Amino acid sequence: MGVKGFVEGGIASIVAGCSTHPLDLIKVRMQLQGESNSAAARAPQPIHNLRPAFAFNSHSATLVGPPPPPPAPPARAGPISVGVRIVRTEGVAALYSGVSATVLRQTLYSTTRMGLYEALKVQWADPNTGNLPLTRKILAGLVAGGVGAAVGNPADVAMVRMQAGGRDYKNVVDAITKMARSEGIVSLWRGSSLTVNRAMIVTASQLASYDQIKEAILDRHLMKDGLGTHVTASFAAGFVASVASNPIDVIKTRVMNMKVEPGREPPYSGALDCALKTVRAEGPMALYKGFIPTISRQGPFTVVLFVTLEQLRKVLKDF
């Protein structure tokens with residue numbers, strides 16, 4: 001396999017990432033919905049208190065009653081509403097905010113994980129039959145995903161922030177440079193534990209399930225090894241990956257998007273703190289915010305990824 005596996009995986013991932021970038025952006029915006037309300041609910045409320053000596057002095061003070069109840073949180077918009085709102089308020093080009101970071105992320109993260117997964121499959125396959133059991137496929141995915149995420153985390157942080165909006169980043173290089181200057185180099189690996197955990201789960205569920213489902217279809221002669229098999233296996237793999245990774249993805253998005261200002265306590269002290277605060281303020285299903293755009297993005301992404309990969313393998317098989 002060697003370098004060819006990395007090249008094939010990298011090209012396929014960049015094509016898939018750019019094709020589905022607007023869906024990924026909508027997913028990020030949906031995952032951040034309600035976060036400001038959660039922060040407001042956690043903020044300490046001012047104590048309204050008057051000294052008795054001035055309680056009835058109209059010239060010195062005015063009677064203040066109990067604070068008004070906090071406003072009800074706005075209704076959560078669906079993916080179509082979020083997309084329409086982005087286009088109306090920010091323009092069509094806003095759907096591709098952060099696409100430069102997507103390209104860099106796929107170049108670093110996906111090239112590494114796809115190539116390493118294929119290399120481990122070859123290394124760990126049965127020397128006699130060439131088969132690889134599901135447990136080893138999952139293990140190969142966990143290892144490849146973890147390594148790839150560690151390499152690509154700076155681009156991942158930049159991509160989330162550029163997609164979330166509200167910051168003046170010209171491109172991915174500008175985003176990474178400004179983060180490093182204002183928040184330190186360490187900020188480029190903010191949420192890296194979440195990124196690694198998510199990448200391990202996504203890669204193991206996505207790549208292993210694709211291979212396993214494709215093998216099952218071919219072994220049972222349900223379809224021939226062609227476009228139909230590749231689309232079916234890849235869409236099923238995308239669904240499995242979405243279900244497994246969405247909770248971690250929500251937490252990762254919020255941790256990466258938070259801005260830490262000097263002298264002020266950060267909104268979240270870590271991944272667990274973010275998860276607990278999110279569940280307490282918004283309920284357990286908040287961890288599945290953005291699931292519809294996640295599956296809407298993960299499905300097409302996985303289909304484009306593996307269909308492109310299979311075609312590249314045919315084109316480059318003689319190299």
# chains A, B, ... in the order shown; residues from 1 in each chain; ligands from 1

call {"tool": "residues_around", "arguments": {"residues": "range 221-230 of chain A", "least_positions_apart": "6", "cutoff": "10 Å", "atoms": "only C-alpha atoms", "output": "PDB file with C-alpha atoms, in the first residue's frame"}}
result
ATOM      1  CA  TYR A 210     -17.946   0.192   5.342  1.00  0.00           C
ATOM      2  CA  ASP A 211     -15.513  -2.665   4.840  1.00  0.00           C
ATOM      3  CA  ILE A 213     -20.932  -4.178   5.040  1.00  0.00           C
ATOM      4  CA  LYS A 214     -19.274  -4.222   1.624  1.00  0.00           C
ATOM      5  CA  GLU A 215     -17.796  -7.666   2.305  1.00  0.00           C
ATOM      6  CA  THR A 302     -19.198   9.084   3.360  1.00  0.00           C
ATOM      7  CA  VAL A 303     -20.775   8.252  -0.002  1.00  0.00           C
ATOM      8  CA  VAL A 304     -18.603  10.779  -1.857  1.00  0.00           C
ATOM      9  CA  PHE A 306     -15.780   5.974  -0.628  1.00  0.00           C
ATOM     10  CA  VAL A 307     -17.110   6.293  -4.191  1.00  0.00           C
ATOM     11  CA  THR A 308     -14.236   8.672  -4.992  1.00  0.00           C
ATOM     12  CA  LEU A 309     -11.801   6.376  -3.196  1.00  0.00           C
ATOM     13  CA  GLU A 310     -12.949   3.298  -5.116  1.00  0.00           C
ATOM     14  CA  GLN A 311     -12.648   5.170  -8.422  1.00  0.00           C
TER      15      GLN A 311
END

call {"tool": "select_by_dssp", "arguments": {"residues": "range 122-286 of chain A", "states": "alpha helix (DSSP H)", "output": "NGL selection string"}}
result
:A and (122-124 or 134-164 or 172-183 or 192-219 or 227-257 or 271-282)

call {"tool": "residues_around", "arguments": {"residues": "Gln163 in chain A", "least_positions_apart": "4", "cutoff": "12 Å", "atoms": "only C-alpha atoms", "output": "ChimeraX atom specification"}}
result
/A:21-32,86,90,93-102,156-159,167-169,171-172,175,253,256-257

call {"tool": "write_last_selection", "arguments": {"atoms": "C-alpha atoms", "output": "PDB file, in the first residue's frame"}}
result
ATOM      1  CA  HIS A  21     -18.980  21.835   3.666  1.00  0.00           C
ATOM      2  CA  PRO A  22     -22.266  23.835   3.765  1.00  0.00           C
ATOM      3  CA  LEU A  23     -23.995  20.966   5.595  1.00  0.00           C
ATOM      4  CA  ASP A  24     -21.130  20.819   8.091  1.00  0.00           C
ATOM      5  CA  LEU A  25     -21.392  24.577   8.691  1.00  0.00           C
ATOM      6  CA  ILE A  26     -25.137  24.333   9.346  1.00  0.00           C
ATOM      7  CA  LYS A  27     -24.476  21.467  11.767  1.00  0.00           C
ATOM      8  CA  VAL A  28     -21.973  23.590  13.725  1.00  0.00           C
ATOM      9  CA  ARG A  29     -24.388  26.550  13.926  1.00  0.00           C
ATOM     10  CA  MET A  30     -27.154  24.243  15.204  1.00  0.00           C
ATOM     11  CA  GLN A  31     -24.875  22.685  17.812  1.00  0.00           C
ATOM     12  CA  LEU A  32     -24.116  26.164  19.184  1.00  0.00           C
ATOM     13  CA  ILE A  86     -27.362  32.279   6.990  1.00  0.00           C
ATOM     14  CA  GLU A  90     -24.602  36.714   5.574  1.00  0.00           C
ATOM     15  CA  ALA A  93     -20.798  32.712   0.251  1.00  0.00           C
ATOM     16  CA  ALA A  94     -21.169  32.350   4.022  1.00  0.00           C
ATOM     17  CA  LEU A  95     -22.118  28.696   3.505  1.00  0.00           C
ATOM     18  CA  TYR A  96     -18.477  28.167   2.575  1.00  0.00           C
ATOM     19  CA  SER A  97     -17.026  30.055   5.542  1.00  0.00           C
ATOM     20  CA  GLY A  98     -13.999  28.137   6.724  1.00  0.00           C
ATOM     21  CA  VAL A  99     -13.627  26.012   3.593  1.00  0.00           C
ATOM     22  CA  SER A 100      -9.885  26.719   3.560  1.00  0.00           C
ATOM     23  CA  ALA A 101      -9.711  25.179   7.028  1.00  0.00           C
ATOM     24  CA  THR A 102     -11.690  22.187   5.761  1.00  0.00           C
ATOM     25  CA  ASP A 156     -10.083  21.533  13.212  1.00  0.00           C
ATOM     26  CA  VAL A 157     -10.183  24.359  15.778  1.00  0.00           C
ATOM     27  CA  ALA A 158      -9.816  26.957  13.030  1.00  0.00           C
ATOM     28  CA  MET A 159     -12.578  25.334  10.979  1.00  0.00           C
ATOM     29  CA  ARG A 167     -14.680  36.401  14.333  1.00  0.00           C
ATOM     30  CA  ASP A 168     -12.675  38.289  11.739  1.00  0.00           C
ATOM     31  CA  TYR A 169     -10.648  35.497  10.149  1.00  0.00           C
ATOM     32  CA  ASN A 171      -8.522  32.300   6.003  1.00  0.00           C
ATOM     33  CA  VAL A 172      -7.222  29.299   7.911  1.00  0.00           C
ATOM     34  CA  ALA A 175      -7.180  32.105  12.024  1.00  0.00           C
ATOM     35  CA  THR A 253     -17.753  22.136  18.950  1.00  0.00           C
ATOM     36  CA  MET A 256     -13.366  24.636  20.570  1.00  0.00           C
ATOM     37  CA  ASN A 257     -15.620  27.637  19.955  1.00  0.00           C
TER      38      ASN A 257
END

call {"tool": "atom_distance", "arguments": {"atom1": "CA of Lys317 in chain A", "atom2": "CA of Gly115 in chain A"}}
result
15.3 Å

call {"tool": "closest_residue", "arguments": {"among": "A:Val103, A:Ile248, A:Cys18, A:Val243", "to": "Ser205 in chain A", "atoms": "only C-alpha atoms"}}
result
A:Val243

call {"tool": "residues_around", "arguments": {"residues": "range 182-185 of chain A", "least_positions_apart": "6", "cutoff": "9 Å", "atoms": "only C-alpha atoms", "output": "list in words"}}
result
Ile176, Lys259, Val260, Glu261 and Pro262 of chain A

call {"tool": "closest_residue", "arguments": {"among": "A:Lys170, A:Ser110, A:Ala164, A:Leu120", "to": "Val151 in chain A", "atoms": "only C-alpha atoms"}}
result
A:Ser110

call {"tool": "residues_around", "arguments": {"residues": "Asn246 in chain A", "least_positions_apart": "2", "cutoff": "9 Å", "atoms": "only C-alpha atoms", "output": "NGL selection string"}}
result
:A and (198 or 241-244 or 248-251 or 287-291 or 294)

call {"tool": "atom_distance", "arguments": {"atom1": "CA of Ala237 in chain A", "atom2": "CA of Gly191 in chain A"}}
result
25.3 Å

call {"tool": "atom_distance", "arguments": {"atom1": "CA of Val196 in chain A", "atom2": "CA of Arg136 in chain A"}}
result
18.9 Å

call {"tool": "closest_residue", "arguments": {"among": "A:Gln123, A:Gln33, A:Gln206, A:Gln106", "to": "Arg254 in chain A", "atoms": "only C-alpha atoms"}}
result
A:Gln33

call {"tool": "closest_residue", "arguments": {"among": "A:Arg113, A:Arg161, A:Lys277, A:Lys314", "to": "Met179 in chain A", "atoms": "only C-alpha atoms"}}
result
A:Arg161

call {"tool": "residues_around", "arguments": {"residues": "Ile201 in chain A", "least_positions_apart": "6", "cutoff": "9 Å", "atoms": "only C-alpha atoms", "output": "PyMOL selection string"}}
result
chain A and resi 138+141-142+145-146+241+244-245

call {"tool": "write_last_selection", "arguments": {"atoms": "all heavy atoms", "output": "mmCIF file, in the first residue's frame"}}
result
data_model
loop_
_atom_site.group_PDB
_atom_site.id
_atom_site.type_symbol
_atom_site.label_atom_id
_atom_site.label_comp_id
_atom_site.auth_asym_id
_atom_site.auth_seq_id
_atom_site.Cartn_x
_atom_site.Cartn_y
_atom_site.Cartn_z
ATOM 1 N N ILE A 138 -11.845 -2.551 13.596
ATOM 2 C CA ILE A 138 -12.200 -1.509 14.571
ATOM 3 C C ILE A 138 -10.946 -0.981 15.259
ATOM 4 O O ILE A 138 -10.783 0.239 15.427
ATOM 5 C CB ILE A 138 -13.197 -2.061 15.606
ATOM 6 C CG1 ILE A 138 -14.537 -2.370 14.930
ATOM 7 C CG2 ILE A 138 -13.395 -1.075 16.754
ATOM 8 C CD1 ILE A 138 -15.538 -3.059 15.824
ATOM 9 N N GLY A 141 -9.083 1.239 12.977
ATOM 10 C CA GLY A 141 -9.758 2.529 12.889
ATOM 11 C C GLY A 141 -9.504 3.404 14.099
ATOM 12 O O GLY A 141 -9.311 4.619 13.973
ATOM 13 N N LEU A 142 -9.503 2.815 15.287
ATOM 14 C CA LEU A 142 -9.238 3.575 16.509
ATOM 15 C C LEU A 142 -7.837 4.182 16.486
ATOM 16 O O LEU A 142 -7.647 5.363 16.801
ATOM 17 C CB LEU A 142 -9.404 2.669 17.733
ATOM 18 C CG LEU A 142 -10.825 2.186 18.051
ATOM 19 C CD1 LEU A 142 -10.794 1.140 19.159
ATOM 20 C CD2 LEU A 142 -11.719 3.353 18.445
ATOM 21 N N GLY A 145 -7.574 6.843 13.536
ATOM 22 C CA GLY A 145 -8.332 8.053 13.854
ATOM 23 C C GLY A 145 -7.659 8.901 14.906
ATOM 24 O O GLY A 145 -7.620 10.134 14.796
ATOM 25 N N GLY A 146 -7.124 8.267 15.936
ATOM 26 C CA GLY A 146 -6.444 9.002 17.001
ATOM 27 C C GLY A 146 -5.216 9.735 16.511
ATOM 28 O O GLY A 146 -5.007 10.912 16.837
ATOM 29 N N ALA A 241 -21.647 5.998 11.893
ATOM 30 C CA ALA A 241 -20.692 6.987 12.406
ATOM 31 C C ALA A 241 -21.402 8.180 13.027
ATOM 32 O O ALA A 241 -20.957 8.723 14.047
ATOM 33 C CB ALA A 241 -19.764 7.445 11.281
ATOM 34 N N ALA A 244 -22.847 7.277 16.509
ATOM 35 C CA ALA A 244 -21.788 7.054 17.499
ATOM 36 C C ALA A 244 -21.082 8.337 17.915
ATOM 37 O O ALA A 244 -20.659 8.477 19.070
ATOM 38 C CB ALA A 244 -20.768 6.053 16.937
ATOM 39 N N SER A 245 -20.977 9.298 16.999
ATOM 40 C CA SER A 245 -20.102 10.445 17.248
ATOM 41 C C SER A 245 -20.799 11.739 17.616
ATOM 42 O O SER A 245 -20.143 12.671 18.084
ATOM 43 C CB SER A 245 -19.237 10.706 16.008
ATOM 44 O OG SER A 245 -20.053 11.108 14.915
#

call {"tool": "closest_residue", "arguments": {"among": "A:Val160, A:Gln298, A:Pro293, A:Arg280", "to": "Val202 in chain A", "atoms": "only C-alpha atoms"}}
result
A:Gln298
